[in-house]
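K.L.:
For reference, the file upload-v9.pdb (PDB, C-alpha atoms) is included below:
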```pdb
ATOM      1  CA  MET A  69       0.463  15.817  -3.875
ATOM      2  CA  GLN A  70      -0.175  13.780  -0.724
ATOM      3  CA  VAL A  71       1.890  14.919   2.257
ATOM      4  CA  ALA A  72       1.440  13.483   5.719
ATOM      5  CA  ASN A  73       2.875  14.796   8.916
ATOM      6  CA  VAL A  74       3.852  11.776  10.941
ATOM      7  CA  LYS A  75       6.198  11.350  13.834
ATOM      8  CA  LEU A  76       9.569  10.338  12.449
ATOM      9  CA  TYR A  77      12.432   9.161  14.636
ATOM     10  CA  SER A  78      16.176   8.921  14.405
ATOM     11  CA  LEU A  79      17.052   6.026  16.675
ATOM     12  CA  ASN A  80      20.655   5.332  17.628
ATOM     13  CA  TYR A  81      22.624   2.122  18.028
ATOM     14  CA  ASN A  82      22.740   2.573  21.813
ATOM     15  CA  ASP A  83      18.925   2.467  21.969
ATOM     16  CA  THR A  84      17.298  -0.936  22.449
ATOM     17  CA  LYS A  85      14.331   0.276  20.373
ATOM     18  CA  SER A  86      16.636   0.359  17.330
ATOM     19  CA  TYR A  87      17.300  -3.357  17.556
ATOM     20  CA  ILE A  88      13.686  -4.245  18.271
ATOM     21  CA  ALA A  89      12.487  -2.168  15.313
ATOM     22  CA  ALA A  90      15.184  -3.586  13.034
ATOM     23  CA  ALA A  91      14.347  -7.154  14.089
ATOM     24  CA  LEU A  92      10.671  -6.598  13.265
ATOM     25  CA  PHE A  93      11.513  -5.082   9.878
ATOM     26  CA  VAL A  94      13.944  -7.918   9.100
ATOM     27  CA  LEU A  95      11.162 -10.374   9.948
ATOM     28  CA  GLY A  96       8.892  -8.505   7.535
ATOM     29  CA  ASN A  97      11.630  -8.652   4.907
ATOM     30  CA  ILE A  98      11.835 -12.409   5.437
ATOM     31  CA  LEU A  99       8.095 -13.108   5.309
ATOM     32  CA  LEU A 100       7.149 -10.793   2.427
ATOM     33  CA  PRO A 101       9.675 -12.286  -0.030
ATOM     34  CA  GLN A 102       8.481 -15.783   0.865
ATOM     35  CA  LEU A 103       4.949 -14.767  -0.107
ATOM     36  CA  CYS A 104       6.090 -13.079  -3.301
ATOM     37  CA  HIS A 105       8.213 -16.067  -4.319
ATOM     38  CA  LEU A 106       5.042 -18.162  -4.487
ATOM     39  CA  MET A 107       4.359 -16.363  -7.800
ATOM     40  CA  PRO A 108       6.468 -16.858 -10.931
ATOM     41  CA  GLN A 109       9.173 -14.165 -10.943
ATOM     42  CA  GLY A 110       7.554 -12.759  -7.802
ATOM     43  CA  GLY A 111      10.823 -11.581  -6.311
ATOM     44  CA  MET A 112      11.969  -9.866  -9.484
ATOM     45  CA  THR A 113       8.565  -8.260 -10.039
ATOM     46  CA  TRP A 114       7.627  -7.156  -6.522
ATOM     47  CA  LEU A 115      11.143  -6.448  -5.109
ATOM     48  CA  PRO A 116       9.913  -7.417  -1.627
ATOM     49  CA  ILE A 117      13.315  -7.447   0.095
ATOM     50  CA  TYR A 118      13.362  -3.636   0.025
ATOM     51  CA  PHE A 119       9.889  -2.813   1.379
ATOM     52  CA  PHE A 120      10.523  -2.895   5.116
ATOM     53  CA  THR A 121      13.991  -1.422   4.687
ATOM     54  CA  LEU A 122      12.328   1.636   3.143
ATOM     55  CA  VAL A 123       9.685   1.825   5.863
ATOM     56  CA  GLY A 124      12.133   1.248   8.713
ATOM     57  CA  ALA A 125      14.706   3.766   7.509
ATOM     58  CA  TYR A 126      12.110   6.423   6.739
ATOM     59  CA  LYS A 127      10.234   6.047  10.016
ATOM     60  CA  TYR A 128      13.054   5.250  12.455
ATOM     61  CA  GLY A 129      16.174   6.638  10.782
ATOM     62  CA  TRP A 130      19.075   5.434   8.703
ATOM     63  CA  LYS A 131      20.612   3.363  11.515
ATOM     64  CA  VAL A 132      17.542   1.138  11.874
ATOM     65  CA  GLY A 133      17.351   1.123   8.088
ATOM     66  CA  LEU A 134      20.967   0.046   7.740
ATOM     67  CA  LEU A 135      20.552  -2.820  10.202
ATOM     68  CA  THR A 136      17.487  -3.923   8.245
ATOM     69  CA  ALA A 137      19.218  -3.414   4.893
ATOM     70  CA  LEU A 138      22.167  -5.615   5.781
ATOM     71  CA  LEU A 139      20.481  -8.299   7.867
ATOM     72  CA  SER A 140      17.452  -8.912   5.623
ATOM     73  CA  PRO A 141      19.282 -10.166   2.515
ATOM     74  CA  LEU A 142      21.837 -12.076   4.607
ATOM     75  CA  CYS A 143      19.168 -13.838   6.693
ATOM     76  CA  ASN A 144      17.110 -14.651   3.597
ATOM     77  CA  HIS A 145      20.175 -16.008   1.839
ATOM     78  CA  LEU A 146      21.205 -18.148   4.799
ATOM     79  CA  LEU A 147      17.686 -19.444   5.466
ATOM     80  CA  PHE A 148      16.349 -19.905   1.920
ATOM     81  CA  GLY A 149      19.218 -19.420  -0.526
ATOM     82  CA  MET A 150      17.477 -16.323  -1.867
ATOM     83  CA  PRO A 151      18.752 -13.961  -2.939
ATOM     84  CA  ALA A 152      21.219 -16.158  -4.765
ATOM     85  CA  ALA A 153      24.898 -15.627  -3.971
ATOM     86  CA  ALA A 154      25.503 -14.111  -7.423
ATOM     87  CA  VAL A 155      23.150 -11.185  -6.693
ATOM     88  CA  LEU A 156      23.690 -10.852  -2.953
ATOM     89  CA  VAL A 157      26.292  -8.067  -3.147
ATOM     90  CA  PRO A 158      24.257  -5.858  -5.537
ATOM     91  CA  ILE A 159      21.162  -6.345  -3.357
ATOM     92  CA  LEU A 160      23.152  -5.420  -0.252
ATOM     93  CA  ALA A 161      24.431  -2.322  -2.071
ATOM     94  CA  LYS A 162      20.919  -1.291  -3.168
ATOM     95  CA  SER A 163      19.566  -1.924   0.324
ATOM     96  CA  THR A 164      22.323   0.185   1.869
ATOM     97  CA  VAL A 165      21.715   3.087  -0.528
ATOM     98  CA  LEU A 166      17.981   2.773   0.171
ATOM     99  CA  ALA A 167      18.453   2.922   3.953
ATOM    100  CA  ILE A 168      20.786   5.914   3.862
ATOM    101  CA  THR A 169      18.678   7.799   1.317
ATOM    102  CA  ALA A 170      15.379   7.154   3.111
ATOM    103  CA  GLY A 171      16.837   8.172   6.462
ATOM    104  CA  PHE A 172      18.302  11.351   4.970
ATOM    105  CA  VAL A 173      15.122  12.377   3.140
ATOM    106  CA  ALA A 174      12.963  11.738   6.206
ATOM    107  CA  SER A 175      15.240  13.750   8.492
ATOM    108  CA  ARG A 176      15.630  16.538   5.952
ATOM    109  CA  PHE A 177      11.936  17.036   5.207
ATOM    110  CA  GLY A 178      10.320  15.716   8.391
ATOM    111  CA  LYS A 179       7.256  14.337   6.641
ATOM    112  CA  VAL A 180       6.249  11.541   4.326
ATOM    113  CA  SER A 181       4.881  12.100   0.838
ATOM    114  CA  ILE A 182       4.464  10.184  -2.375
ATOM    115  CA  LEU A 183       7.009  12.528  -3.962
ATOM    116  CA  SER A 184       9.635  11.969  -1.245
ATOM    117  CA  LEU A 185       9.243   8.198  -1.418
ATOM    118  CA  THR A 186       9.416   8.342  -5.220
ATOM    119  CA  ALA A 187      12.699  10.233  -4.928
ATOM    120  CA  VAL A 188      14.058   7.671  -2.454
ATOM    121  CA  VAL A 189      13.080   4.701  -4.634
ATOM    122  CA  ALA A 190      14.427   6.339  -7.799
ATOM    123  CA  THR A 191      17.709   7.182  -6.060
ATOM    124  CA  TYR A 192      18.371   3.690  -4.740
ATOM    125  CA  GLN A 193      17.367   2.087  -8.032
ATOM    126  CA  ILE A 194      19.559   4.375 -10.140
ATOM    127  CA  LEU A 195      22.619   4.303  -7.869
ATOM    128  CA  GLY A 196      22.115   0.616  -7.084
ATOM    129  CA  GLY A 197      21.711  -0.150 -10.784
ATOM    130  CA  MET A 198      24.954   1.665 -11.529
ATOM    131  CA  PHE A 199      26.694  -0.376  -8.823
ATOM    132  CA  GLU A 200      25.194  -3.603 -10.179
ATOM    133  CA  TRP A 201      26.374  -2.720 -13.690
ATOM    134  CA  ALA A 202      29.902  -2.090 -12.396
ATOM    135  CA  TRP A 203      29.836  -5.254 -10.263
ATOM    136  CA  THR A 204      28.452  -7.613 -12.919
ATOM    137  CA  SER A 205      29.553  -5.822 -16.114
ATOM    138  CA  SER A 206      26.017  -6.497 -17.325
ATOM    139  CA  ILE A 207      23.699  -3.670 -18.318
ATOM    140  CA  ASP A 208      20.893  -6.260 -18.523
ATOM    141  CA  ALA A 209      21.367  -7.212 -14.867
ATOM    142  CA  ALA A 210      21.506  -3.540 -13.905
ATOM    143  CA  MET A 211      18.284  -2.755 -15.794
ATOM    144  CA  GLN A 212      16.315  -5.795 -14.603
ATOM    145  CA  ASP A 213      14.472  -3.893 -11.855
ATOM    146  CA  PHE A 214      13.420  -1.280 -14.401
ATOM    147  CA  LYS A 215      12.249  -3.984 -16.816
ATOM    148  CA  LEU A 216      10.390  -6.236 -14.370
ATOM    149  CA  GLY A 217      10.220  -4.425 -11.036
ATOM    150  CA  ILE A 218       7.954  -1.449 -11.755
ATOM    151  CA  PRO A 219       5.070  -3.047  -9.769
ATOM    152  CA  GLY A 220       7.441  -3.503  -6.837
ATOM    153  CA  MET A 221       8.693   0.066  -7.005
ATOM    154  CA  LEU A 222       5.129   1.379  -7.119
ATOM    155  CA  THR A 223       4.237  -0.840  -4.164
ATOM    156  CA  GLN A 224       7.208   0.529  -2.232
ATOM    157  CA  ILE A 225       6.087   4.103  -2.915
ATOM    158  CA  VAL A 226       2.338   3.786  -2.356
ATOM    159  CA  GLY A 227       2.462   0.921   0.151
ATOM    160  CA  GLY A 228       5.340   2.548   2.018
ATOM    161  CA  TYR A 229       3.407   5.808   2.230
ATOM    162  CA  LEU A 230       0.283   4.075   3.532
ATOM    163  CA  PHE A 231       2.266   1.902   5.952
ATOM    164  CA  ILE A 232       4.174   4.855   7.412
ATOM    165  CA  LYS A 233       1.127   7.131   7.537
ATOM    166  CA  TYR A 234      -1.512   4.709   8.837
ATOM    167  CA  ILE A 235       0.164   1.653  10.365
ATOM    168  CA  LEU A 236       3.115   3.325  12.095
ATOM    169  CA  LYS A 237       1.282   6.444  13.304
ATOM    170  CA  ARG A 238       3.244   6.784  16.536
TER     171      ARG A 238
END
```
How does this structure look as structure tokens?
P.N.:
Amino acid sequence: MQVANVKLYSLNYNDTKSYIAAALFVLGNILLPQLCHLMPQGGMTWLPIYFFTLVGAYKYGWKVGLLTALLSPLCNHLLFGMPAAAVLVPILAKSTVLAITAGFVASRFGKVSILSLTAVVATYQILGGMFEWAWTSSIDAAMQDFKLGIPGMLTQIVGGYLFIKYILKR
């Protein structure tokens, strides 16, 4: 099992660094989906709107993660109409669960590992899927990420690990 000791932070809302970090992660969550949407079903397969939320919350704490989680889907929706209004609330719910879970796991264990990121991704997908099922009354909608989004989940786990460990060393 790969475990990396990296410097993890828990930034607060009264710290300017929180807003700078969140703005950069929101920008990443705007650009990455645009790239993925160039492929057929790219958004549904790669789940790009969650990547920098995971990284931001794990590295800089749940508060940076929550800013990223809420602003990323809203900015994307306002700028590009994606995510569509019909799925905006479930995506906001999943993003929120992701930010809180990633921030908690990072603060609890103080290191990044494939196993910890797998637990974070599984938690937000399961709880978010349950919310989506309740919101839409559609088990198909709730299971879509598990049907199509496995590559995206794996990218979040492995890519998130590599990004946190090697790109965001400080």
K.L.:
My list of candidates is A:Gly149, A:Gly197, A:Pro101, A:Gly171. Which is closest to Trp114 (chain A) when distances are computed with only C-alpha atoms?
P.N.:
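Smallest separation from Trp114 (chain A) among the options: A:Pro101.
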K.L.:
Run through the PyMOL selection byres ((chain A and resi 140) around 8) on the given coordinates and return the selected residues as a list in words.
P.N.:
Val94, Leu95, Asn97, Ile98, Ile117, Thr136, Ala137, Leu138, Leu139, Pro141, Leu142, Cys143 and Asn144 of chain A
K.L.:
Counting all atoms listed in the file, what is within 12 Å of Lys75 (chain A), bar same-chain residues fewer than 5 positions away, as a PyMOL selection string?
P.N.:
chain A and resi 126-129+174-175+177-180+232-238
K.L.:
Could you jot down the CA of Thr84 (chain A) to CA of Gly96 (chain A) separation for me, Å, one decimal place?
P.N.:
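A separation of 18.7 Å between them.
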K.L.:
Once the PyMOL selection byres ((chain A and resi 219) around 12) has been evaluated on this model, what residues remain selected, and can you format them as a list in words?
P.N.:
Cys104, Gln109, Gly110, Gly111, Met112, Thr113, Trp114, Leu115, Pro116, Asp213, Phe214, Lys215, Leu216, Gly217, Ile218, Gly220, Met221, Leu222, Thr223, Gln224, Ile225, Val226 and Gly227 of chain A
K.L.:
Hey, can you spit out that residue selection with C-alpha atoms as a short mmCIF file (atom, residue, chain, number, x, y, z; two decimals), keeping the file's coordinate frame?
P.N.:
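Dumped to part.cif:
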```cif
data_model
loop_
_atom_site.label_atom_id
_atom_site.label_comp_id
_atom_site.auth_asym_id
_atom_site.auth_seq_id
_atom_site.Cartn_x
_atom_site.Cartn_y
_atom_site.Cartn_z
CA CYS A 104 6.09 -13.08 -3.30
CA GLN A 109 9.17 -14.16 -10.94
CA GLY A 110 7.55 -12.76 -7.80
CA GLY A 111 10.82 -11.58 -6.31
CA MET A 112 11.97 -9.87 -9.48
CA THR A 113 8.56 -8.26 -10.04
CA TRP A 114 7.63 -7.16 -6.52
CA LEU A 115 11.14 -6.45 -5.11
CA PRO A 116 9.91 -7.42 -1.63
CA ASP A 213 14.47 -3.89 -11.86
CA PHE A 214 13.42 -1.28 -14.40
CA LYS A 215 12.25 -3.98 -16.82
CA LEU A 216 10.39 -6.24 -14.37
CA GLY A 217 10.22 -4.42 -11.04
CA ILE A 218 7.95 -1.45 -11.76
CA GLY A 220 7.44 -3.50 -6.84
CA MET A 221 8.69 0.07 -7.00
CA LEU A 222 5.13 1.38 -7.12
CA THR A 223 4.24 -0.84 -4.16
CA GLN A 224 7.21 0.53 -2.23
CA ILE A 225 6.09 4.10 -2.92
CA VAL A 226 2.34 3.79 -2.36
CA GLY A 227 2.46 0.92 0.15
#
```
K.L.:
Quick one, how far is CA of Asn82 (chain A) from CA of Leu135 (chain A)?
P.N.:
13.0 Å
K.L.:
Using the chain letters and numbers from this file, what does the PyMOL selection byres ((chain A and resi 165) around 9) select? Give the answer as an MDAnalysis selection string.
P.N.:
chainID A and resid 134 137 160:164 166:170 191:193 195:196
K.L.:
May I ask for the distance between CA of Phe120 (chain A) and CA of Phe93 (chain A), given in Å to one decimal place?
P.N.:
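If I compute the distance from CA of Phe120 (chain A) to CA of Phe93 (chain A), I get 5.3 Å.
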K.L.:
Reconstruct N, CA and C atoms of region 196-218 of chain A; output as a PDB file, keeping the file's coordinate frame.
P.N.:
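Writing done, so here's part_32.pdb:
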```pdb
ATOM      1  N   GLY A 196      21.937   2.062  -7.225  1.00  0.00           N
ATOM      2  CA  GLY A 196      22.115   0.616  -7.084  1.00  0.00           C
ATOM      3  C   GLY A 196      22.296  -0.066  -8.424  1.00  0.00           C
ATOM      4  N   GLY A 197      21.556   0.392  -9.430  1.00  0.00           N
ATOM      5  CA  GLY A 197      21.711  -0.150 -10.784  1.00  0.00           C
ATOM      6  C   GLY A 197      23.099   0.133 -11.342  1.00  0.00           C
ATOM      7  N   MET A 198      23.604   1.330 -11.077  1.00  0.00           N
ATOM      8  CA  MET A 198      24.954   1.665 -11.529  1.00  0.00           C
ATOM      9  C   MET A 198      25.987   0.768 -10.846  1.00  0.00           C
ATOM     10  N   PHE A 199      25.795   0.532  -9.539  1.00  0.00           N
ATOM     11  CA  PHE A 199      26.694  -0.376  -8.823  1.00  0.00           C
ATOM     12  C   PHE A 199      26.594  -1.783  -9.411  1.00  0.00           C
ATOM     13  N   GLU A 200      25.376  -2.252  -9.643  1.00  0.00           N
ATOM     14  CA  GLU A 200      25.194  -3.603 -10.179  1.00  0.00           C
ATOM     15  C   GLU A 200      25.841  -3.739 -11.559  1.00  0.00           C
ATOM     16  N   TRP A 201      25.743  -2.717 -12.369  1.00  0.00           N
ATOM     17  CA  TRP A 201      26.374  -2.720 -13.690  1.00  0.00           C
ATOM     18  C   TRP A 201      27.890  -2.830 -13.535  1.00  0.00           C
ATOM     19  N   ALA A 202      28.449  -2.033 -12.624  1.00  0.00           N
ATOM     20  CA  ALA A 202      29.902  -2.090 -12.396  1.00  0.00           C
ATOM     21  C   ALA A 202      30.315  -3.448 -11.811  1.00  0.00           C
ATOM     22  N   TRP A 203      29.517  -3.994 -10.928  1.00  0.00           N
ATOM     23  CA  TRP A 203      29.836  -5.254 -10.263  1.00  0.00           C
ATOM     24  C   TRP A 203      29.748  -6.440 -11.214  1.00  0.00           C
ATOM     25  N   THR A 204      28.703  -6.452 -12.053  1.00  0.00           N
ATOM     26  CA  THR A 204      28.452  -7.613 -12.919  1.00  0.00           C
ATOM     27  C   THR A 204      28.923  -7.414 -14.350  1.00  0.00           C
ATOM     28  N   SER A 205      29.228  -6.184 -14.725  1.00  0.00           N
ATOM     29  CA  SER A 205      29.553  -5.822 -16.114  1.00  0.00           C
ATOM     30  C   SER A 205      28.397  -6.135 -17.060  1.00  0.00           C
ATOM     31  N   SER A 206      27.189  -6.173 -16.515  1.00  0.00           N
ATOM     32  CA  SER A 206      26.017  -6.497 -17.325  1.00  0.00           C
ATOM     33  C   SER A 206      24.972  -5.393 -17.199  1.00  0.00           C
ATOM     34  N   ILE A 207      24.747  -4.691 -18.300  1.00  0.00           N
ATOM     35  CA  ILE A 207      23.699  -3.670 -18.318  1.00  0.00           C
ATOM     36  C   ILE A 207      22.323  -4.316 -18.167  1.00  0.00           C
ATOM     37  N   ASP A 208      22.170  -5.545 -18.672  1.00  0.00           N
ATOM     38  CA  ASP A 208      20.893  -6.260 -18.523  1.00  0.00           C
ATOM     39  C   ASP A 208      20.583  -6.529 -17.051  1.00  0.00           C
ATOM     40  N   ALA A 209      21.568  -6.972 -16.304  1.00  0.00           N
ATOM     41  CA  ALA A 209      21.367  -7.212 -14.867  1.00  0.00           C
ATOM     42  C   ALA A 209      21.025  -5.908 -14.155  1.00  0.00           C
ATOM     43  N   ALA A 210      21.729  -4.837 -14.532  1.00  0.00           N
ATOM     44  CA  ALA A 210      21.506  -3.540 -13.905  1.00  0.00           C
ATOM     45  C   ALA A 210      20.118  -2.980 -14.209  1.00  0.00           C
ATOM     46  N   MET A 211      19.585  -3.297 -15.375  1.00  0.00           N
ATOM     47  CA  MET A 211      18.284  -2.755 -15.794  1.00  0.00           C
ATOM     48  C   MET A 211      17.108  -3.668 -15.445  1.00  0.00           C
ATOM     49  N   GLN A 212      17.387  -4.828 -14.859  1.00  0.00           N
ATOM     50  CA  GLN A 212      16.315  -5.795 -14.603  1.00  0.00           C
ATOM     51  C   GLN A 212      15.186  -5.215 -13.745  1.00  0.00           C
ATOM     52  N   ASP A 213      15.520  -4.470 -12.693  1.00  0.00           N
ATOM     53  CA  ASP A 213      14.472  -3.893 -11.855  1.00  0.00           C
ATOM     54  C   ASP A 213      13.603  -2.919 -12.640  1.00  0.00           C
ATOM     55  N   PHE A 214      14.202  -2.210 -13.596  1.00  0.00           N
ATOM     56  CA  PHE A 214      13.420  -1.280 -14.401  1.00  0.00           C
ATOM     57  C   PHE A 214      12.579  -2.000 -15.452  1.00  0.00           C
ATOM     58  N   LYS A 215      13.007  -3.201 -15.840  1.00  0.00           N
ATOM     59  CA  LYS A 215      12.249  -3.984 -16.816  1.00  0.00           C
ATOM     60  C   LYS A 215      11.104  -4.746 -16.157  1.00  0.00           C
ATOM     61  N   LEU A 216      11.377  -5.368 -15.014  1.00  0.00           N
ATOM     62  CA  LEU A 216      10.390  -6.236 -14.370  1.00  0.00           C
ATOM     63  C   LEU A 216       9.832  -5.673 -13.067  1.00  0.00           C
ATOM     64  N   GLY A 217      10.547  -4.808 -12.403  1.00  0.00           N
ATOM     65  CA  GLY A 217      10.220  -4.425 -11.036  1.00  0.00           C
ATOM     66  C   GLY A 217       9.383  -3.174 -10.837  1.00  0.00           C
ATOM     67  N   ILE A 218       8.784  -2.653 -11.899  1.00  0.00           N
ATOM     68  CA  ILE A 218       7.954  -1.449 -11.755  1.00  0.00           C
ATOM     69  C   ILE A 218       6.819  -1.678 -10.750  1.00  0.00           C
TER      70      ILE A 218
END
```
